[in-house]
>>> print(open('entry_32.txt').read())   # compact mmCIF, C-alpha atoms
# COMPACT_ATOMS: atom_id res chain seq x y z
CA MET Z 172 76.58 18.81 -77.25
CA GLU Z 173 76.91 15.77 -74.98
CA GLU Z 174 76.45 17.96 -71.87
CA LYS Z 175 73.34 19.58 -73.35
CA ASN Z 176 71.84 16.18 -74.17
CA GLN Z 177 72.49 15.00 -70.61
CA THR Z 178 70.79 18.11 -69.24
CA LYS Z 179 67.84 17.71 -71.55
CA SER Z 180 67.47 14.05 -70.59
CA LYS Z 181 66.93 15.17 -66.99
CA TYR Z 182 63.65 16.77 -68.04
CA GLU Z 183 62.70 13.82 -70.20
CA ILE Z 184 63.27 11.56 -67.20
CA ALA Z 185 61.02 13.81 -65.11
CA LEU Z 186 58.28 13.68 -67.75
CA SER Z 187 58.56 9.90 -68.06
CA LYS Z 188 57.18 9.54 -64.52
CA TYR Z 189 53.81 10.92 -65.62
CA ASN Z 190 51.12 9.87 -68.06
CA ILE Z 191 51.50 12.29 -70.96
CA ASN Z 192 49.99 10.09 -73.67
CA LEU Z 193 46.60 11.77 -73.65
CA ASN Z 194 43.89 11.54 -76.28
CA ASP Z 195 42.20 14.88 -76.96
CA ASN Z 196 38.84 13.39 -77.90
CA GLU Z 197 38.77 11.26 -74.76
CA ILE Z 198 39.70 14.27 -72.60
CA ALA Z 199 36.92 16.35 -74.17
CA GLY Z 200 34.38 13.65 -73.35
CA GLU Z 201 35.62 13.24 -69.79
CA VAL Z 202 35.50 16.95 -68.99
CA ASP Z 203 32.05 17.31 -70.55
CA ASN Z 204 30.73 14.51 -68.36
CA LEU Z 205 32.39 15.87 -65.23
CA VAL Z 206 30.92 19.35 -65.70
CA HIS Z 207 27.49 18.06 -66.72
CA ASP Z 208 27.24 15.81 -63.66
CA ASN Z 209 28.42 18.33 -61.08
CA ILE Z 210 27.91 21.96 -62.09
CA VAL Z 211 24.32 22.25 -60.87
CA LYS Z 212 25.20 21.45 -57.27
CA ASN Z 213 27.84 24.19 -57.33
CA ASN Z 214 25.46 26.90 -58.54
CA THR Z 215 25.01 28.38 -55.06
CA LYS Z 216 25.46 31.77 -53.43
CA ALA Z 217 28.20 30.40 -51.18
CA VAL Z 218 30.22 29.16 -54.17
CA LYS Z 219 29.79 32.49 -55.96
CA GLU Z 220 30.98 34.39 -52.89
CA PHE Z 221 34.01 32.11 -52.79
CA LEU Z 222 34.67 32.67 -56.49
CA PHE Z 223 34.56 36.45 -56.01
CA ASN Z 224 37.20 36.08 -53.29
CA CYS Z 225 39.38 34.15 -55.78
CA ILE Z 226 39.50 36.87 -58.43
CA ASP Z 227 42.78 38.42 -59.50
CA LEU Z 228 41.15 41.74 -60.48
CA THR Z 229 43.00 42.58 -63.64
CA SER Z 230 43.92 45.69 -65.60
CA LEU Z 231 46.34 44.91 -68.40
CA ASN Z 232 45.52 47.50 -71.03
CA CYS Z 233 47.67 49.66 -73.29
CA THR Z 234 45.65 52.62 -71.96
CA ASP Z 235 46.58 52.01 -68.29
CA CYS Z 236 48.16 54.99 -66.54
CA ASP Z 237 48.86 56.15 -62.99
CA THR Z 238 45.44 57.81 -62.72
CA SER Z 239 43.46 54.82 -63.97
CA ILE Z 240 45.38 52.33 -61.81
CA MET Z 241 44.97 54.54 -58.73
CA LYS Z 242 41.20 54.65 -59.30
CA PHE Z 243 41.21 50.90 -59.93
CA THR Z 244 42.94 50.34 -56.59
CA GLU Z 245 40.72 52.77 -54.68
CA ASN Z 246 37.68 50.78 -55.84
CA VAL Z 247 39.16 47.77 -54.07
CA ASN Z 248 39.91 49.87 -50.97
CA ASN Z 249 36.29 50.99 -50.74
CA PHE Z 250 34.81 47.53 -51.22
CA ASP Z 251 35.09 46.45 -47.58
CA ASP Z 252 33.05 49.43 -46.36
CA GLU Z 253 30.39 49.01 -49.02
CA PHE Z 254 30.08 45.22 -48.71
CA PRO Z 255 31.13 44.32 -45.14
CA ASP Z 256 29.60 40.83 -45.34
CA LEU Z 257 31.66 39.80 -48.38
CA LYS Z 258 35.33 38.96 -48.73
CA ASN Z 259 37.29 41.15 -51.12
CA VAL Z 260 39.05 39.99 -54.28
CA ALA Z 261 42.26 37.97 -53.91
CA SER Z 262 44.60 40.37 -55.66
CA ILE Z 263 45.01 43.32 -58.00
CA CYS Z 264 46.86 42.30 -61.18
CA VAL Z 265 48.74 45.00 -63.13
CA TYR Z 266 51.81 45.60 -65.26
CA PRO Z 267 55.10 45.85 -63.30
CA ARG Z 268 55.47 49.62 -63.73
CA PHE Z 269 52.37 50.09 -61.57
CA ALA Z 270 53.46 47.93 -58.62
CA ALA Z 271 54.68 50.93 -56.61
CA MET Z 272 51.51 52.88 -57.39
CA VAL Z 273 49.29 50.04 -56.15
CA ARG Z 274 51.50 49.48 -53.10
CA THR Z 275 51.19 53.11 -51.99
CA THR Z 276 47.44 53.27 -52.76
CA LEU Z 277 46.23 49.88 -51.50
CA GLU Z 278 44.84 50.10 -47.96
CA VAL Z 279 43.32 46.65 -47.38
CA ASP Z 280 45.39 43.88 -45.84
CA ASP Z 281 43.81 40.82 -47.45
CA VAL Z 282 44.39 41.79 -51.10
CA ASP Z 283 47.72 40.98 -52.74
CA ILE Z 284 49.49 42.75 -55.60
CA THR Z 285 50.12 40.60 -58.67
CA CYS Z 286 52.36 41.71 -61.53
CA VAL Z 287 52.62 40.08 -64.93
CA SER Z 288 56.30 39.98 -65.75
CA GLY Z 289 59.03 38.36 -67.78
CA GLY Z 290 58.15 39.74 -71.20
CA PHE Z 291 54.38 39.36 -70.82
CA PRO Z 292 52.43 38.39 -72.88
CA SER Z 293 54.69 36.69 -75.46
CA SER Z 294 57.77 35.88 -73.31
CA GLN Z 295 59.84 36.84 -76.35
CA THR Z 296 62.59 38.90 -74.79
CA PHE Z 297 66.02 38.31 -73.28
CA SER Z 298 66.13 36.09 -70.20
CA GLU Z 299 68.07 38.86 -68.43
CA ILE Z 300 65.22 41.29 -69.10
CA LYS Z 301 62.67 38.82 -67.77
CA ILE Z 302 64.56 38.43 -64.51
CA ALA Z 303 65.23 42.16 -64.18
CA GLU Z 304 61.55 42.93 -64.70
CA THR Z 305 60.56 40.35 -62.10
CA ASN Z 306 63.10 41.66 -59.60
CA LEU Z 307 62.00 45.28 -60.08
CA ALA Z 308 58.33 44.38 -59.63
CA LEU Z 309 59.13 42.60 -56.37
CA LYS Z 310 61.21 45.53 -55.13
CA ASP Z 311 58.34 47.91 -55.94
CA GLY Z 312 55.93 45.89 -53.81
CA ALA Z 313 54.54 42.97 -55.82
CA ASP Z 314 53.41 40.01 -53.72
CA GLU Z 315 52.94 37.65 -56.65
CA ILE Z 316 54.50 37.32 -60.10
CA ASP Z 317 52.84 35.86 -63.19
CA ILE Z 318 55.30 34.88 -65.93
CA VAL Z 319 54.69 33.29 -69.32
CA LEU Z 320 56.28 29.97 -70.17
CA SER Z 321 58.61 30.24 -73.19
CA VAL Z 322 56.17 28.52 -75.52
CA GLY Z 323 58.40 28.63 -78.59
CA ASP Z 324 61.25 26.94 -76.75
CA PHE Z 325 58.85 24.38 -75.29
CA LEU Z 326 57.45 23.44 -78.69
CA ASN Z 327 61.04 23.22 -79.95
CA GLU Z 328 61.72 20.81 -77.05
CA ASP Z 329 64.31 23.14 -75.52
CA TYR Z 330 63.18 22.14 -72.06
CA GLU Z 331 66.44 23.29 -70.49
CA ASN Z 332 65.83 26.95 -71.34
CA VAL Z 333 62.14 26.73 -70.43
CA CYS Z 334 62.89 25.32 -67.00
CA ASP Z 335 65.96 27.45 -66.31
CA GLU Z 336 63.90 30.63 -66.75
CA ILE Z 337 61.22 29.42 -64.34
CA GLN Z 338 63.78 28.27 -61.79
CA GLU Z 339 65.62 31.59 -61.92
CA ALA Z 340 62.39 33.54 -61.53
CA LYS Z 341 61.49 31.44 -58.49
CA GLU Z 342 64.91 32.07 -56.98
CA TYR Z 343 64.15 35.80 -57.06
CA CYS Z 344 60.57 35.34 -55.87
CA LYS Z 345 61.67 33.27 -52.87
CA SER Z 346 58.58 33.11 -50.63
CA HIS Z 347 56.53 35.22 -53.05
CA ILE Z 348 54.05 33.36 -55.23
CA LEU Z 349 55.18 32.52 -58.77
CA LYS Z 350 52.47 31.69 -61.30
CA VAL Z 351 53.51 30.26 -64.66
CA ILE Z 352 51.18 30.96 -67.58
CA LEU Z 353 51.19 28.02 -69.99
CA GLU Z 354 49.34 29.79 -72.85
CA THR Z 355 47.38 26.61 -73.45
CA GLY Z 356 45.80 27.89 -76.67
CA ALA Z 357 49.25 27.91 -78.26
CA LEU Z 358 50.12 24.49 -76.84
CA LYS Z 359 46.96 23.11 -78.50
CA THR Z 360 47.08 19.43 -77.45
CA ALA Z 361 46.33 17.78 -74.12
CA ARG Z 362 49.73 16.07 -74.33
CA ASN Z 363 51.55 19.40 -74.63
CA ILE Z 364 49.50 20.96 -71.83
CA LYS Z 365 50.29 18.04 -69.52
CA LYS Z 366 54.01 18.20 -70.34
CA ALA Z 367 54.16 21.97 -69.83
CA SER Z 368 52.28 21.64 -66.53
CA ILE Z 369 54.74 19.06 -65.21
CA LEU Z 370 57.83 21.00 -66.30
CA ALA Z 371 56.51 24.24 -64.77
CA MET Z 372 55.80 22.55 -61.43
CA TYR Z 373 59.10 20.67 -61.55
CA SER Z 374 60.86 24.02 -62.00
CA GLY Z 375 59.24 25.67 -58.98
CA ALA Z 376 55.89 27.14 -60.06
CA ASP Z 377 53.56 27.79 -57.12
CA PHE Z 378 50.60 28.07 -59.53
CA ILE Z 379 50.04 27.04 -63.12
CA LYS Z 380 47.77 29.33 -65.11
CA THR Z 381 45.92 28.71 -68.35
CA SER Z 382 46.56 31.78 -70.48
CA THR Z 383 47.37 35.46 -70.86
CA GLY Z 384 44.01 36.28 -72.42
CA LYS Z 385 45.88 37.92 -75.29
CA ILE Z 386 45.48 35.08 -77.81
CA GLU Z 387 42.64 32.74 -78.75
CA PRO Z 388 41.69 30.25 -77.59
CA ALA Z 389 42.34 31.35 -74.03
CA ALA Z 390 41.18 29.28 -71.04
CA THR Z 391 39.19 26.16 -71.92
CA PRO Z 392 37.62 23.46 -69.75
CA LYS Z 393 39.78 20.84 -71.50
CA ALA Z 394 42.99 22.69 -70.58
CA ALA Z 395 41.79 23.14 -67.00
CA TYR Z 396 40.96 19.45 -66.74
CA VAL Z 397 44.43 18.41 -67.93
CA MET Z 398 46.17 20.94 -65.69
CA CYS Z 399 44.21 19.96 -62.57
CA ASN Z 400 44.92 16.30 -63.16
CA ALA Z 401 48.61 17.16 -63.59
CA ILE Z 402 48.54 19.06 -60.28
CA LYS Z 403 46.91 16.08 -58.58
CA GLU Z 404 49.41 13.61 -60.01
CA TYR Z 405 52.34 15.89 -59.09
CA TYR Z 406 51.04 16.20 -55.53
CA GLN Z 407 50.70 12.42 -55.23
CA LYS Z 408 54.35 11.99 -56.26
CA THR Z 409 55.92 14.94 -54.42
CA ASN Z 410 53.49 16.01 -51.67
CA ILE Z 411 53.79 19.56 -53.04
CA LYS Z 412 50.55 21.48 -53.54
CA VAL Z 413 50.50 23.69 -56.62
CA GLY Z 414 47.66 26.10 -57.29
CA PHE Z 415 45.48 26.44 -60.40
CA LYS Z 416 44.47 29.70 -62.07
CA ALA Z 417 42.02 30.01 -64.95
CA ALA Z 418 42.42 33.22 -66.94
CA GLY Z 419 41.51 34.55 -70.35
CA GLY Z 420 38.03 34.53 -71.84
CA LEU Z 421 36.09 34.17 -68.56
CA LYS Z 422 32.95 36.06 -69.54
CA THR Z 423 30.04 34.55 -67.62
CA ILE Z 424 29.19 33.21 -64.19
CA LYS Z 425 28.78 29.81 -65.81
CA ASP Z 426 32.42 30.01 -66.97
CA ALA Z 427 33.52 30.56 -63.36
CA LEU Z 428 31.36 27.69 -62.14
CA VAL Z 429 32.80 25.39 -64.80
CA TYR Z 430 36.37 26.01 -63.64
CA TYR Z 431 35.38 25.72 -59.99
CA THR Z 432 33.64 22.42 -60.74
CA ILE Z 433 36.65 20.98 -62.57
CA ALA Z 434 39.10 21.99 -59.85
CA ASN Z 435 36.85 20.93 -56.98
CA GLU Z 436 36.02 17.53 -58.42
CA ILE Z 437 39.61 16.68 -59.37
CA LEU Z 438 41.59 18.32 -56.57
CA GLY Z 439 39.05 18.36 -53.76
CA GLU Z 440 38.16 20.75 -50.96
CA GLU Z 441 41.80 21.18 -49.90
CA TRP Z 442 42.34 23.28 -53.01
CA MET Z 443 39.20 25.36 -52.55
CA THR Z 444 40.95 28.36 -51.01
CA ASN Z 445 42.19 31.47 -52.77
CA LYS Z 446 45.71 30.40 -51.81
CA LEU Z 447 45.40 27.56 -54.34
CA PHE Z 448 42.59 28.57 -56.72
CA ARG Z 449 42.30 31.81 -58.70
CA LEU Z 450 40.35 33.37 -61.53
CA GLY Z 451 42.06 36.01 -63.64
CA THR Z 452 39.37 38.46 -64.74
CA SER Z 453 37.72 41.82 -64.19
CA ARG Z 454 34.50 41.49 -66.13
CA LEU Z 455 33.35 38.63 -63.89
CA ALA Z 456 33.67 40.72 -60.73
CA ASN Z 457 30.60 42.82 -61.50
CA LEU Z 458 28.61 39.82 -62.72
CA LEU Z 459 29.30 37.77 -59.59
CA LEU Z 460 28.68 40.73 -57.29
CA SER Z 461 25.37 41.48 -59.02
CA ASP Z 462 24.25 37.87 -58.75
CA ILE Z 463 25.25 37.66 -55.07
CA CYS Z 464 23.48 40.90 -54.18
CA GLY Z 465 20.41 40.26 -56.35
CA LYS Z 466 20.66 43.50 -58.33
CA GLU Z 467 22.74 44.87 -61.17
CA LEU Z 468 25.93 46.47 -59.92
CA VAL Z 469 28.74 48.05 -61.91
CA ARG Z 470 31.31 48.32 -59.15
CA PHE Z 471 34.61 47.67 -60.93
>>> encode(input="entry_32.txt", output="structure tokens")
Amino acid sequence: MEEKNQTKSKYEIALSKYNINLNDNEIAGEVDNLVHDNIVKNNTKAVKEFLFNCIDLTSLNCTDCDTSIMKFTENVNNFDDEFPDLKNVASICVYPRFAAMVRTTLEVDDVDITCVSGGFPSSQTFSEIKIAETNLALKDGADEIDIVLSVGDFLNEDYENVCDEIQEAKEYCKSHILKVILETGALKTARNIKKASILAMYSGADFIKTSTGKIEPAATPKAAYVMCNAIKEYYQKTNIKVGFKAAGGLKTIKDALVYYTIANEILGEEWMTNKLFRLGTSRLANLLLSDICGKELVRF
């Protein structure tokens, strides 16, 4: 018991270096003001083209199969020929069992393969299964891994298990990108979101991501605001740049502009690259493409 308490205190010490005493009402007011004051200037074609290039084009359905994922991937292959003046999406995001299928089908060099792993979407399986699933996805060709933070353990203040799982996943990922999904709707408070953000980054996350999209609420501007400020504060203390990904419930172009505005205003232009900023969505791809091209397109 004494050893466990000492281990746990290590994470408490790490958290004590950051401001986690956040007021939800104050945060809501701050993010509303930030978006209101800045979103109009970001409503440009150039920003929308950038946002399209930041999409993790996602298919995470119970109906997915080899045929549907192959067609999904071929649509990305054909994009460069059809739209030579636009940059393609950032990645294709699928379940781990389809990593090999996407790897053998994908023909474009600038699009990565992302796999959700580690007991997605609930993270309620054995740690050994989480690591095995991550390892198999990487062996089958995944470039990036999205795992879900163990929310139940986090809320139970079992920070040791939460962080150990992330650290072990990163050990397997090595130079591959590891994104940690916080499931901010389940965390509920700004305080919890800030704590989870810090612990995920402390444990080796290359990105922190809002949500799986499988529960409500999914991504929210308030969660994004807290996470981006956590990234900024972590960078100031460690000089380590961690990326931000908004996912879940992104339905409109305005939604995309809101998350761009929050990230850009808090983190600055250094983060405005698809190596540090992502949007997890599929429905937005057609909307952004239609807006950019000035006509309705159903391409994905």
>>> closest_residue(input="entry_32.txt", among="Z:Arg454, Z:Lys212, Z:Lys466, Z:Lys416", to="Z:Thr229", atoms="all atoms listed in the file")
Z:Arg454
>>> residues_around(input="entry_32.txt", residues="Z:Leu320", least_positions_apart="5", cutoff="9 Å", atoms="only C-alpha atoms", output="list in words")
Ser293, Ser294, Phe325, Val333, Cys334, Glu336, Ile337, Val351, Ile352, Leu353, Glu354, Ala367 and Ala371 of chain Z
>>> closest_residue(input="entry_32.txt", among="Z:Glu304, Z:Glu436, Z:Glu467, Z:Asp227", to="Z:Leu205", atoms="all atoms listed in the file")
Z:Glu436
>>> closest_residue(input="entry_32.txt", among="Z:Glu328, Z:Glu387, Z:Glu201, Z:Asp195", to="Z:Ile437", atoms="only C-alpha atoms")
Z:Glu201
>>> residues_around(input="entry_32.txt", residues="Z:Pro392", least_positions_apart="2", cutoff="9 Å", atoms="only C-alpha atoms", output="ChimeraX atom specification")
/Z:199,202-203,206,390,394-397,426,429-430,433
>>> closest_residue(input="entry_32.txt", among="Z:Ala313, Z:Ala434, Z:Leu428, Z:Ala418", to="Z:Met398", atoms="all atoms listed in the file")
Z:Ala434
>>> closest_atom_pairs(input="entry_32.txt", of="stretch 183-265 of chain Z", to="stretch 444-448 of chain Z", cutoff="10 Å", atoms="only C-alpha atoms", output="tab-separated table")
residue	atom	partner	partner_atom	distance
Z:Phe221	CA	Z:Thr444	CA	8.1
Z:Leu222	CA	Z:Asn445	CA	8.5
Z:Phe223	CA	Z:Asn445	CA	9.7
Z:Asn224	CA	Z:Asn445	CA	6.8
Z:Cys225	CA	Z:Asn445	CA	4.9
Z:Ile226	CA	Z:Asn445	CA	8.3
Z:Asp227	CA	Z:Asn445	CA	9.7
Z:Val260	CA	Z:Asn445	CA	9.2
Z:Ala261	CA	Z:Asn445	CA	6.6
Z:Ser262	CA	Z:Asn445	CA	9.7
>>> atom_distance(input="entry_32.txt", atom1="atom CA of Z:Thr285", atom2="atom CA of Z:Tyr182")
29.0 Å
>>> residues_near_point(input="entry_32.txt", point="(28.8, 47.8, -59.8)", cutoff="9 Å", atoms="only C-alpha atoms", output="JSON list (two decimals) with C-alpha atoms, keeping the file's coordinate frame")
[["chain", "number", "residue", "atom", "x", "y", "z"],
["Z", 456, "ALA", "CA", 33.67, 40.72, -60.73],
["Z", 457, "ASN", "CA", 30.60, 42.82, -61.50],
["Z", 458, "LEU", "CA", 28.61, 39.82, -62.72],
["Z", 460, "LEU", "CA", 28.68, 40.73, -57.29],
["Z", 461, "SER", "CA", 25.37, 41.48, -59.02],
["Z", 467, "GLU", "CA", 22.74, 44.87, -61.17],
["Z", 468, "LEU", "CA", 25.93, 46.47, -59.92],
["Z", 469, "VAL", "CA", 28.74, 48.05, -61.91],
["Z", 470, "ARG", "CA", 31.31, 48.32, -59.15],
["Z", 471, "PHE", "CA", 34.61, 47.67, -60.93]]
>>> closest_residue(input="entry_32.txt", among="Z:Gly312, Z:Gly414, Z:Gly451, Z:Gly384", to="Z:Ile402", atoms="only C-alpha atoms")
Z:Gly414
>>> atom_distance(input="entry_32.txt", atom1="atom CA of Z:Leu309", atom2="atom CA of Z:Thr244")
17.9 Å
>>> closest_residue(input="entry_32.txt", among="Z:Asn363, Z:Ser321, Z:Asn248, Z:Ser368", to="Z:Asp335", atoms="only C-alpha atoms")
Z:Ser321
>>> atom_distance(input="entry_32.txt", atom1="atom CA of Z:Leu450", atom2="atom CA of Z:Ala417")
5.1 Å
>>> residues_around(input="entry_32.txt", residues="Z:Phe291", least_positions_apart="6", cutoff="10 Å", atoms="all atoms listed in the file", output="PyMOL selection string")
chain Z and resi 266-267+301+317-320+352+383+385
>>> residues_around(input="entry_32.txt", residues="Z:Tyr373", least_positions_apart="2", cutoff="12 Å", atoms="all atoms listed in the file", output="ChimeraX atom specification")
/Z:181-186,188-189,330-331,333-335,337-338,341,351,366-371,375-379,401-402,405-406,408-409,411-413
